[in-house]
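Colleague: File input_21.tsv below, TSV, C-alpha atoms (C1' of nucleotides):
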chain	number	residue	atom	x	y	z
A	13	MET	CA	-7.55	-17.90	24.25
A	14	PHE	CA	-9.88	-20.67	23.12
A	15	SER	CA	-9.76	-22.32	19.73
A	16	LEU	CA	-12.42	-21.27	17.24
A	17	THR	CA	-13.89	-24.74	17.60
A	18	CYS	CA	-14.23	-24.15	21.31
A	19	GLU	CA	-15.84	-20.76	20.82
A	20	HIS	CA	-18.42	-22.39	18.57
A	21	GLY	CA	-19.04	-25.10	21.15
A	22	ILE	CA	-19.58	-22.64	23.97
A	23	ARG	CA	-21.90	-20.43	21.94
A	24	SER	CA	-23.94	-23.43	20.78
A	25	LEU	CA	-24.48	-24.71	24.29
A	26	ILE	CA	-25.47	-21.32	25.59
A	27	TYR	CA	-27.91	-21.07	22.69
A	28	LEU	CA	-29.22	-24.53	23.49
A	29	ALA	CA	-29.62	-23.70	27.17
A	30	LYS	CA	-31.55	-20.58	26.24
A	31	ARG	CA	-33.86	-22.51	23.88
A	32	ASP	CA	-34.04	-25.73	25.75
A	33	ASP	CA	-37.36	-27.25	26.60
A	34	SER	CA	-35.24	-30.23	27.63
A	35	SER	CA	-37.36	-32.87	25.88
A	36	ASN	CA	-37.09	-31.94	22.21
A	37	PHE	CA	-34.04	-32.07	20.02
A	38	ILE	CA	-32.90	-28.80	18.49
A	39	SER	CA	-31.61	-29.14	14.94
A	40	ILE	CA	-27.98	-28.33	14.23
A	41	ARG	CA	-29.02	-26.53	11.05
A	42	GLU	CA	-31.01	-24.10	13.16
A	43	ILE	CA	-28.11	-23.44	15.52
A	44	SER	CA	-25.84	-23.03	12.54
A	45	ASN	CA	-28.14	-20.43	11.00
A	46	ASP	CA	-28.83	-18.48	14.18
A	47	LEU	CA	-25.23	-18.33	15.35
A	48	ASP	CA	-23.76	-18.02	11.86
A	49	ILE	CA	-21.46	-21.00	12.19
A	50	PRO	CA	-20.69	-23.19	9.12
A	51	PHE	CA	-23.04	-26.18	9.35
A	52	HIS	CA	-20.66	-29.03	8.61
A	53	PHE	CA	-18.03	-27.56	10.85
A	54	LEU	CA	-20.56	-27.24	13.64
A	55	THR	CA	-21.67	-30.86	13.39
A	56	LYS	CA	-18.09	-31.89	14.09
A	57	VAL	CA	-17.76	-29.53	17.03
A	58	LEU	CA	-20.95	-30.87	18.54
A	59	GLN	CA	-19.86	-34.46	18.00
A	60	LYS	CA	-17.03	-33.77	20.43
A	61	LEU	CA	-19.53	-32.59	23.00
A	62	THR	CA	-21.61	-35.68	22.34
A	63	GLU	CA	-18.60	-37.93	22.89
A	64	ALA	CA	-17.92	-36.03	26.11
A	65	GLY	CA	-21.42	-36.91	27.33
A	66	ILE	CA	-22.57	-33.31	27.63
A	67	ILE	CA	-25.23	-33.57	24.94
A	68	GLU	CA	-26.85	-36.38	23.00
A	69	SER	CA	-27.92	-36.37	19.38
A	70	SER	CA	-30.65	-37.94	17.31
A	71	ARG	CA	-30.58	-38.54	13.58
A	72	GLY	CA	-33.47	-38.32	11.21
A	73	ALA	CA	-36.64	-36.26	11.19
A	74	LYS	CA	-37.05	-34.19	14.34
A	75	GLY	CA	-33.46	-34.97	15.10
A	76	GLY	CA	-30.85	-32.68	16.54
A	77	ILE	CA	-29.15	-32.31	19.88
A	78	ARG	CA	-30.25	-31.88	23.47
A	79	PHE	CA	-28.62	-31.82	26.87
A	80	LEU	CA	-27.72	-35.04	28.57
A	81	LYS	CA	-26.82	-33.13	31.72
A	82	LYS	CA	-28.78	-30.26	33.18
A	83	PRO	CA	-27.52	-26.81	32.16
A	84	GLU	CA	-27.12	-25.84	35.80
A	85	MET	CA	-24.66	-28.69	36.15
A	86	ILE	CA	-22.58	-27.88	33.06
A	87	LYS	CA	-19.52	-25.79	33.77
A	88	LEU	CA	-17.67	-23.74	31.20
A	89	SER	CA	-14.54	-25.69	32.12
A	90	GLU	CA	-16.15	-28.95	31.01
A	91	ILE	CA	-16.87	-27.56	27.59
A	92	VAL	CA	-13.40	-26.12	27.18
A	93	PHE	CA	-11.72	-29.30	28.40
A	94	ALA	CA	-13.87	-31.46	26.12
A	95	ILE	CA	-12.89	-29.44	23.06
A	96	ASP	CA	-9.48	-27.87	23.65
A	97	GLY	CA	-8.20	-30.57	25.97
A	98	GLU	CA	-7.83	-31.10	29.71
A	99	LYS	CA	-4.52	-29.30	29.86
A	100	THR	CA	-5.67	-26.08	28.27
A	101	PHE	CA	-4.76	-24.01	31.33
A	102	SER	CA	-2.44	-26.34	33.18
A	103	LYS	CA	0.27	-26.49	30.52
A	104	CYS	CA	3.56	-24.73	31.11
A	105	LEU	CA	3.39	-21.17	29.76
A	106	ILE	CA	6.65	-21.50	27.86
A	107	GLY	CA	6.10	-25.09	26.75
A	108	LEU	CA	8.46	-27.04	29.03
A	109	ASN	CA	7.09	-30.54	29.27
A	110	LYS	CA	8.26	-31.10	32.80
A	111	CYS	CA	7.36	-27.99	34.71
A	112	ASP	CA	6.09	-28.33	38.25
A	113	GLU	CA	6.70	-27.21	41.83
A	114	GLN	CA	9.94	-29.20	41.99
A	115	ASN	CA	11.32	-28.04	38.66
A	116	PRO	CA	9.47	-24.85	37.81
A	117	CYS	CA	10.00	-22.68	34.75
A	118	VAL	CA	10.80	-19.02	35.40
A	119	LEU	CA	7.16	-18.10	35.00
A	120	HIS	CA	5.69	-20.91	37.08
A	121	ASP	CA	5.27	-19.11	40.40
A	122	LEU	CA	4.16	-15.82	38.92
A	123	TRP	CA	1.60	-17.56	36.75
A	124	MET	CA	-0.02	-19.46	39.58
A	125	GLU	CA	-2.33	-16.74	40.83
A	126	PRO	CA	-3.63	-15.53	37.45
A	127	LYS	CA	-4.07	-19.16	36.44
A	128	ARG	CA	-6.12	-19.79	39.55
A	129	THR	CA	-8.34	-16.83	38.75
A	130	VAL	CA	-8.94	-18.07	35.24
A	131	THR	CA	-9.62	-21.69	36.14
A	132	SER	CA	-11.88	-20.65	38.98
A	133	PHE	CA	-13.86	-18.48	36.58
A	134	LEU	CA	-14.22	-21.42	34.21
A	135	SER	CA	-15.20	-23.90	36.89
A	136	LYS	CA	-17.61	-21.59	38.67
A	137	SER	CA	-19.59	-20.52	35.63
A	138	THR	CA	-22.40	-22.86	34.61
A	139	LEU	CA	-24.58	-22.54	31.55
A	140	ASN	CA	-27.43	-21.42	33.76
A	141	ASP	CA	-25.37	-18.60	35.19
A	142	LEU	CA	-24.79	-17.44	31.66
A	143	ILE	CA	-28.29	-17.54	30.18
A	144	ILE	CA	-29.58	-15.52	33.13
A	145	ARG	CA	-27.52	-12.71	31.66
A	146	LEU	CA	-29.06	-13.24	28.26
A	147	ASN	CA	-32.55	-12.71	29.63
A	148	ASN	CA	-31.84	-9.24	30.95
A	149	ASP	CA	-29.98	-6.82	28.77
A	150	LYS	CA	-28.51	-6.30	25.37
A	151	THR	CA	-26.26	-9.20	26.10
A	152	ARG	CA	-25.45	-11.39	23.13
A	153	ILE	CA	-24.06	-14.79	22.19
B	26	MET	CA	-2.13	-19.86	25.84
B	27	PHE	CA	0.68	-18.39	23.78
B	28	SER	CA	1.64	-19.53	20.30
B	29	LEU	CA	4.73	-21.70	20.03
B	30	THR	CA	6.40	-18.78	18.28
B	31	CYS	CA	5.71	-16.63	21.30
B	32	GLU	CA	7.01	-19.27	23.71
B	33	HIS	CA	10.26	-19.35	21.73
B	34	GLY	CA	10.46	-15.56	21.80
B	35	ILE	CA	9.97	-15.35	25.55
B	36	ARG	CA	12.49	-18.09	26.28
B	37	SER	CA	15.08	-16.50	23.98
B	38	LEU	CA	14.82	-13.11	25.63
B	39	ILE	CA	15.06	-14.57	29.11
B	40	TYR	CA	18.13	-16.48	27.92
B	41	LEU	CA	19.55	-13.29	26.46
B	42	ALA	CA	18.88	-11.33	29.64
B	43	LYS	CA	20.65	-14.01	31.64
B	44	ARG	CA	23.68	-13.99	29.31
B	45	ASP	CA	23.70	-10.37	28.43
B	46	ASP	CA	26.84	-8.33	28.83
B	47	SER	CA	24.84	-5.70	26.96
B	48	SER	CA	27.60	-4.74	24.54
B	49	ASN	CA	28.23	-7.96	22.59
B	50	PHE	CA	25.89	-9.69	20.20
B	51	ILE	CA	24.83	-13.22	21.10
B	52	SER	CA	24.55	-15.55	18.12
B	53	ILE	CA	21.18	-17.00	17.24
B	54	ARG	CA	22.82	-20.35	16.56
B	55	GLU	CA	23.92	-20.47	20.17
B	56	ILE	CA	20.46	-19.63	21.48
B	57	SER	CA	19.01	-22.22	19.14
B	58	ASN	CA	21.36	-24.90	20.47
B	59	ASP	CA	20.98	-24.07	24.14
B	60	LEU	CA	17.20	-23.75	24.09
B	61	ASP	CA	16.66	-26.52	21.55
B	62	ILE	CA	14.70	-24.38	19.13
B	63	PRO	CA	15.00	-24.98	15.36
B	64	PHE	CA	17.50	-22.42	14.09
B	65	HIS	CA	15.72	-21.12	11.00
B	66	PHE	CA	12.44	-20.93	12.84
B	67	LEU	CA	14.10	-18.98	15.62
B	68	THR	CA	15.63	-16.42	13.27
B	69	LYS	CA	12.13	-15.57	12.09
B	70	VAL	CA	10.78	-15.31	15.62
B	71	LEU	CA	13.58	-12.97	16.57
B	72	GLN	CA	13.06	-10.87	13.46
B	73	LYS	CA	9.64	-10.01	14.85
B	74	LEU	CA	11.22	-8.83	18.07
B	75	THR	CA	13.73	-6.83	16.05
B	76	GLU	CA	10.93	-5.17	14.10
B	77	ALA	CA	9.24	-4.41	17.41
B	78	GLY	CA	12.35	-2.57	18.56
B	79	ILE	CA	13.01	-4.81	21.53
B	80	ILE	CA	16.29	-6.18	20.21
B	81	GLU	CA	18.66	-5.31	17.40
B	82	SER	CA	20.63	-7.68	15.21
B	83	SER	CA	23.95	-7.67	13.44
B	84	ARG	CA	24.94	-9.81	10.48
B	85	GLY	CA	28.33	-11.28	9.78
B	86	ALA	CA	31.14	-12.44	11.99
B	87	LYS	CA	30.51	-11.74	15.68
B	88	GLY	CA	26.93	-11.04	14.73
B	89	GLY	CA	23.81	-11.99	16.60
B	90	ILE	CA	21.25	-10.13	18.66
B	91	ARG	CA	21.32	-7.89	21.70
B	92	PHE	CA	18.85	-5.78	23.61
B	93	LEU	CA	17.87	-2.39	22.34
B	94	LYS	CA	15.98	-1.71	25.54
B	95	LYS	CA	17.15	-2.57	29.02
B	96	PRO	CA	15.88	-5.91	30.35
B	97	GLU	CA	14.44	-4.16	33.40
B	98	MET	CA	12.26	-2.13	31.04
B	99	ILE	CA	11.02	-5.03	28.95
B	100	LYS	CA	7.67	-6.39	30.07
B	101	LEU	CA	6.36	-9.81	29.24
B	102	SER	CA	3.32	-8.13	27.72
B	103	GLU	CA	5.49	-6.34	25.15
B	104	ILE	CA	6.93	-9.61	23.95
B	105	VAL	CA	3.55	-11.30	23.75
B	106	PHE	CA	1.97	-8.34	21.98
B	107	ALA	CA	4.85	-8.12	19.50
B	108	ILE	CA	4.48	-11.76	18.53
B	109	ASP	CA	0.91	-12.86	19.13
B	110	GLY	CA	-0.62	-9.45	18.55
B	111	GLU	CA	-1.91	-6.57	20.64
B	112	LYS	CA	-5.34	-8.10	21.13
B	113	THR	CA	-4.15	-11.40	22.53
B	114	PHE	CA	-6.03	-10.90	25.78
B	115	SER	CA	-8.50	-8.21	24.90
B	116	LYS	CA	-10.39	-10.18	22.27
B	117	CYS	CA	-13.91	-11.39	23.02
B	118	LEU	CA	-13.76	-14.86	24.58
B	119	ILE	CA	-16.36	-16.25	22.21
B	120	GLY	CA	-15.17	-14.38	19.14
B	121	LEU	CA	-17.81	-11.65	18.76
B	122	ASN	CA	-16.19	-8.79	16.88
B	123	LYS	CA	-18.18	-6.11	18.61
B	124	CYS	CA	-18.13	-6.98	22.26
B	125	ASP	CA	-17.79	-4.17	24.79
B	126	GLU	CA	-19.45	-2.60	27.82
B	127	GLN	CA	-22.38	-1.40	25.75
B	128	ASN	CA	-22.96	-4.66	23.92
B	129	PRO	CA	-21.29	-7.35	25.98
B	130	CYS	CA	-21.24	-11.05	25.25
B	131	VAL	CA	-22.57	-13.35	27.95
B	132	LEU	CA	-19.07	-13.89	29.28
B	133	HIS	CA	-17.90	-10.30	29.16
B	134	ASP	CA	-18.57	-9.28	32.78
B	135	LEU	CA	-17.46	-12.55	34.29
B	136	TRP	CA	-14.24	-12.52	32.28
B	137	MET	CA	-13.23	-9.03	33.35
B	138	GLU	CA	-11.62	-9.91	36.65
B	139	PRO	CA	-9.62	-12.95	35.50
B	140	LYS	CA	-8.54	-10.98	32.45
B	141	ARG	CA	-7.31	-8.17	34.66
B	142	THR	CA	-5.30	-10.63	36.71
B	143	VAL	CA	-3.66	-12.08	33.60
B	144	THR	CA	-2.88	-8.77	31.92
B	145	SER	CA	-1.55	-7.34	35.15
B	146	PHE	CA	0.74	-10.35	35.51
B	147	LEU	CA	2.02	-9.80	31.98
B	148	SER	CA	2.51	-6.07	32.36
B	149	LYS	CA	4.11	-6.27	35.79
B	150	SER	CA	6.71	-8.92	34.95
B	151	THR	CA	9.90	-7.62	33.39
B	152	LEU	CA	12.76	-9.72	32.09
B	153	ASN	CA	14.81	-8.71	35.10
B	154	ASP	CA	12.15	-10.00	37.49
B	155	LEU	CA	12.40	-13.31	35.71
B	156	ILE	CA	16.14	-13.87	35.55
B	157	ILE	CA	16.40	-13.18	39.27
B	158	ARG	CA	14.50	-16.44	39.66
B	159	LEU	CA	16.94	-18.20	37.37
B	160	ASN	CA	19.87	-17.29	39.57
B	161	ASN	CA	18.49	-18.96	42.64
B	162	ASP	CA	17.01	-22.41	42.33
B	163	LYS	CA	16.44	-25.26	40.00
B	164	THR	CA	14.39	-22.90	37.92
B	165	ARG	CA	14.63	-23.42	34.19
B	166	ILE	CA	13.90	-21.76	30.87
C	28	DT	C1'	-43.05	-49.28	3.53
C	29	DT	C1'	-41.59	-45.47	1.47
C	30	DG	C1'	-39.89	-40.74	1.50
C	31	DA	C1'	-38.24	-36.69	3.62
C	32	DA	C1'	-35.43	-34.90	7.17
C	33	DT	C1'	-31.63	-35.05	9.79
C	34	DT	C1'	-27.03	-36.30	11.99
C	35	DA	C1'	-22.61	-39.31	11.29
C	36	DA	C1'	-18.59	-40.11	8.99
C	37	DG	C1'	-15.09	-39.79	5.84
C	38	DA	C1'	-12.85	-37.54	1.93
C	39	DC	C1'	-11.14	-33.45	0.39
C	40	DA	C1'	-9.82	-28.35	0.25
C	41	DT	C1'	-8.07	-24.17	2.28
C	42	DT	C1'	-5.65	-21.47	5.59
C	43	DT	C1'	-2.56	-20.81	9.29
C	44	DT	C1'	1.20	-22.27	11.95
C	45	DT	C1'	5.40	-24.50	12.31
C	46	DA	C1'	9.66	-26.06	10.15
C	47	DT	C1'	13.37	-26.44	6.59
C	48	DC	C1'	16.32	-25.16	2.82
C	49	DT	C1'	18.75	-22.11	-0.27
C	50	DT	C1'	20.63	-17.87	-1.63
C	51	DA	C1'	21.80	-13.05	-0.61
C	52	DT	C1'	23.83	-9.71	2.24
C	53	DT	C1'	26.65	-7.98	5.83
C	54	DT	C1'	30.54	-7.91	9.12
C	55	DA	C1'	35.05	-8.76	11.17
C	56	DA	C1'	39.49	-10.18	10.74
C	57	DA	C1'	43.36	-12.30	8.52
D	6	DT	C1'	40.82	-7.61	-0.45
D	7	DT	C1'	39.54	-11.95	0.44
D	8	DT	C1'	37.45	-15.31	3.37
D	9	DA	C1'	34.77	-17.13	7.00
D	10	DA	C1'	30.92	-16.31	9.92
D	11	DA	C1'	26.70	-14.77	10.69
D	12	DT	C1'	21.74	-12.91	9.98
D	13	DA	C1'	17.98	-11.64	6.28
D	14	DA	C1'	14.83	-13.04	3.16
D	15	DG	C1'	12.29	-15.78	0.22
D	16	DA	C1'	10.82	-20.39	-1.44
D	17	DT	C1'	9.12	-24.54	-0.13
D	18	DA	C1'	7.36	-28.30	2.90
D	19	DA	C1'	4.80	-30.40	6.62
D	20	DA	C1'	1.40	-30.32	10.13
D	21	DA	C1'	-2.61	-28.57	12.35
D	22	DA	C1'	-6.82	-25.99	12.29
D	23	DT	C1'	-10.68	-24.62	9.79
D	24	DG	C1'	-14.12	-25.29	6.24
D	25	DT	C1'	-16.78	-27.93	2.49
D	26	DC	C1'	-18.79	-31.78	0.09
D	27	DT	C1'	-20.65	-36.35	-0.56
D	28	DT	C1'	-22.50	-40.55	0.97
D	29	DA	C1'	-24.30	-43.47	4.70
D	30	DA	C1'	-27.26	-44.32	8.44
D	31	DT	C1'	-31.19	-43.23	11.15
D	32	DT	C1'	-35.76	-41.50	12.43
D	33	DC	C1'	-40.43	-39.92	11.95
D	34	DA	C1'	-44.61	-39.72	9.65
D	35	DA	C1'	-47.56	-40.10	5.76
Show this structure as structure tokens.

Modeller:
Amino acid sequence: MFSLTCEHGIRSLIYLAKRDDSSNFISIREISNDLDIPFHFLTKVLQKLTEAGIIESSRGAKGGIRFLKKPEMIKLSEIVFAIDGEKTFSKCLIGLNKCDEQNPCVLHDLWMEPKRTVTSFLSKSTLNDLIIRLNNDKTRI
Amino acid sequence: MFSLTCEHGIRSLIYLAKRDDSSNFISIREISNDLDIPFHFLTKVLQKLTEAGIIESSRGAKGGIRFLKKPEMIKLSEIVFAIDGEKTFSKCLIGLNKCDEQNPCVLHDLWMEPKRTVTSFLSKSTLNDLIIRLNNDKTRI
DNA sequence: TTGAATTAAGACATTTTTATCTTATTTAAA
DNA sequence: TTTAAATAAGATAAAAATGTCTTAATTCAA
């Protein structure tokens, strides 16, 4: 569904939202350890989110990453689009490069409703919505 | 969404359903030409569908592939599962290997409804449903 | 101002996916 | 029975995704 890179990105930001005191940077090494994601791989994933303006980073002692936007303003869709690309769920299901209302592929119409459900889920869910779940139960990242 | 391999598989079977006179084999070379899919790559894609029992193949002159099951009985989900794997849409969204009702990931509950919509779309749509669309309009494979 | 801590960046390695090529095997028909 | 036509299968190549390592740049604090 999502690339592994994207999964790492989502998990990291949920982790960050859970930990965030919003003024201090959280070190990537710590995230890497707690979420069991290879450190050097993770730095590259997070660089994409930095370029996308979702987080900012600081080098050196006490460095790390922190949110540039408020977690209640960050949608799942933003994260996915930043990492897997804007077209992640708007591409033609069978790979036709010109597939639209005028010239639809055989799946186009049937795919519209499920696609809407998925994209609405991604654009409705903010990081805050998600960490609320983490506070309650046995829910995990 | 689907792997390229899977896209090729779906397109080929829709093409076959459209062409099918159900007794003759259709050559892979012909499918390859008409759908603009690399021939040797396509033979391997179709071998997966043969192994899955959806089509059968014949070597030699007048060889090719044909359906083993009737197109009205072949669901999109079968094709996807045969090529991209059974768990294509049941895997945890963020990659946790033990994610279920008891120990859900943060996305688990929110993902349930969109997932249902997608899997229902895949399991409702048969090849026959799809080629009906091809007969009408400007619809393409 | 120096040193330790930390991310950035680029080179490199591995794995998976996609693509190609060659040879073997099978089938139908002359 | 031979030949042409076709898929099967395995080797190899290329590209993309994932993972690792090294060096550079930056930051804080002693």

Colleague: Here is a test: counting all atoms listed in the file, which residue of C:DC48, C:DA32, C:DA40, C:DA55 is nearest to chain B?

Modeller: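 Among the listed residues, the smallest separation from chain B belongs to C:DA55.
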
Colleague: Compile the contact shell of Ser145 of chain B as a ChimeraX atom specification: residues with an atom at most 9 Å away, counting all atoms listed in the file, same-chain residues fewer than 4 positions apart removed.

Modeller: /A:126 /B:102,140-141,149-150

Colleague: Per residue of chain C within 12 Å of segment 16-32 of chain D, what are the shortest atom pair and its distance in Å to one decimal, counting only C-alpha atoms (C1' of nucleotides), with rows by chain and residue number, as JSON lines?

Modeller:
{"residue": "C:DG30", "atom": "C1'", "partner": "D:DT32", "partner_atom": "C1'", "distance": 11.7}
{"residue": "C:DA31", "atom": "C1'", "partner": "D:DT32", "partner_atom": "C1'", "distance": 10.3}
{"residue": "C:DA32", "atom": "C1'", "partner": "D:DT32", "partner_atom": "C1'", "distance": 8.4}
{"residue": "C:DT33", "atom": "C1'", "partner": "D:DT32", "partner_atom": "C1'", "distance": 8.1}
{"residue": "C:DT34", "atom": "C1'", "partner": "D:DT31", "partner_atom": "C1'", "distance": 8.1}
{"residue": "C:DA35", "atom": "C1'", "partner": "D:DA30", "partner_atom": "C1'", "distance": 7.4}
{"residue": "C:DA36", "atom": "C1'", "partner": "D:DA29", "partner_atom": "C1'", "distance": 7.9}
{"residue": "C:DG37", "atom": "C1'", "partner": "D:DT28", "partner_atom": "C1'", "distance": 8.9}
{"residue": "C:DA38", "atom": "C1'", "partner": "D:DT27", "partner_atom": "C1'", "distance": 8.3}
{"residue": "C:DC39", "atom": "C1'", "partner": "D:DC26", "partner_atom": "C1'", "distance": 7.8}
{"residue": "C:DA40", "atom": "C1'", "partner": "D:DT25", "partner_atom": "C1'", "distance": 7.3}
{"residue": "C:DT41", "atom": "C1'", "partner": "D:DG24", "partner_atom": "C1'", "distance": 7.3}
{"residue": "C:DT42", "atom": "C1'", "partner": "D:DT23", "partner_atom": "C1'", "distance": 7.3}
{"residue": "C:DT43", "atom": "C1'", "partner": "D:DA22", "partner_atom": "C1'", "distance": 7.3}
{"residue": "C:DT44", "atom": "C1'", "partner": "D:DA21", "partner_atom": "C1'", "distance": 7.4}
{"residue": "C:DT45", "atom": "C1'", "partner": "D:DA20", "partner_atom": "C1'", "distance": 7.4}
{"residue": "C:DA46", "atom": "C1'", "partner": "D:DA19", "partner_atom": "C1'", "distance": 7.4}
{"residue": "C:DT47", "atom": "C1'", "partner": "D:DA18", "partner_atom": "C1'", "distance": 7.3}
{"residue": "C:DC48", "atom": "C1'", "partner": "D:DT17", "partner_atom": "C1'", "distance": 7.8}
{"residue": "C:DT49", "atom": "C1'", "partner": "D:DA16", "partner_atom": "C1'", "distance": 8.2}
{"residue": "C:DT50", "atom": "C1'", "partner": "D:DA16", "partner_atom": "C1'", "distance": 10.1}

Colleague: Mind listing as a list of chain:residue names which residues of chain A are within 7 Å of chain B, counting all atoms listed in the file?

Modeller: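 Every residue meeting the condition is included here: A:Met13, A:Glu19, A:Arg23, A:Leu105, A:Ile106, A:Gly107, A:Asn115, A:Pro116, A:Cys117, A:Val118, A:Pro126, A:Thr129, A:Val130, A:Leu142, A:Arg145, A:Leu146, A:Lys150, A:Thr151, A:Arg152, A:Ile153.
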
Colleague: If the box runs along x, y and z of the file and leaves 8 Å on each side of segment 64-75 of chain A, what are its centre and edge lengths in Å, one decimal, as lines of an AutoDock Vina configuration file?

Modeller:
center_x = -27.5
center_y = -35.9
center_z = 19.4
size_x = 35.1
size_y = 21.2
size_z = 32.4

Colleague: Would you kindly identify which residues have an atom no farther than 12 Å from (-33.5, -35.1, 22.9), using all atoms listed in the file and the file's own coordinates, and write them out as number ranges by chain?

Modeller: A: 28, 32-39, 62, 67-71, 74-81

Colleague: Counting only C-alpha atoms (C1' of nucleotides), figure out which residue out of A:Asn45, A:Asn140, A:Thr55, A:Asn148 gets nearest to chain D.

Modeller: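 Result for the nearest residue to chain D: A:Thr55.
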
Colleague: I'd like a table as a Markdown table: residues in chain B with an atom no more than 7 Å from chain C, each row giving the shortest atom pair and its distance in Å to one decimal, all atoms listed in the file counted, sorted by chain and rising residue number.

Modeller:
| residue | atom | partner | partner_atom | distance |
| --- | --- | --- | --- | --- |
| B:Phe66 | CA | C:DA46 | C1' | 6.4 |
| B:Arg84 | CA | C:DT53 | C1' | 5.3 |
| B:Gly85 | CA | C:DT54 | C1' | 4.1 |
| B:Ala86 | CA | C:DT54 | C1' | 5.4 |

Colleague: Closest to Leu60 of chain B among B:Gln72, B:Leu38, B:Lys100, B:Ala77, using only C-alpha atoms?

Modeller: B:Leu38
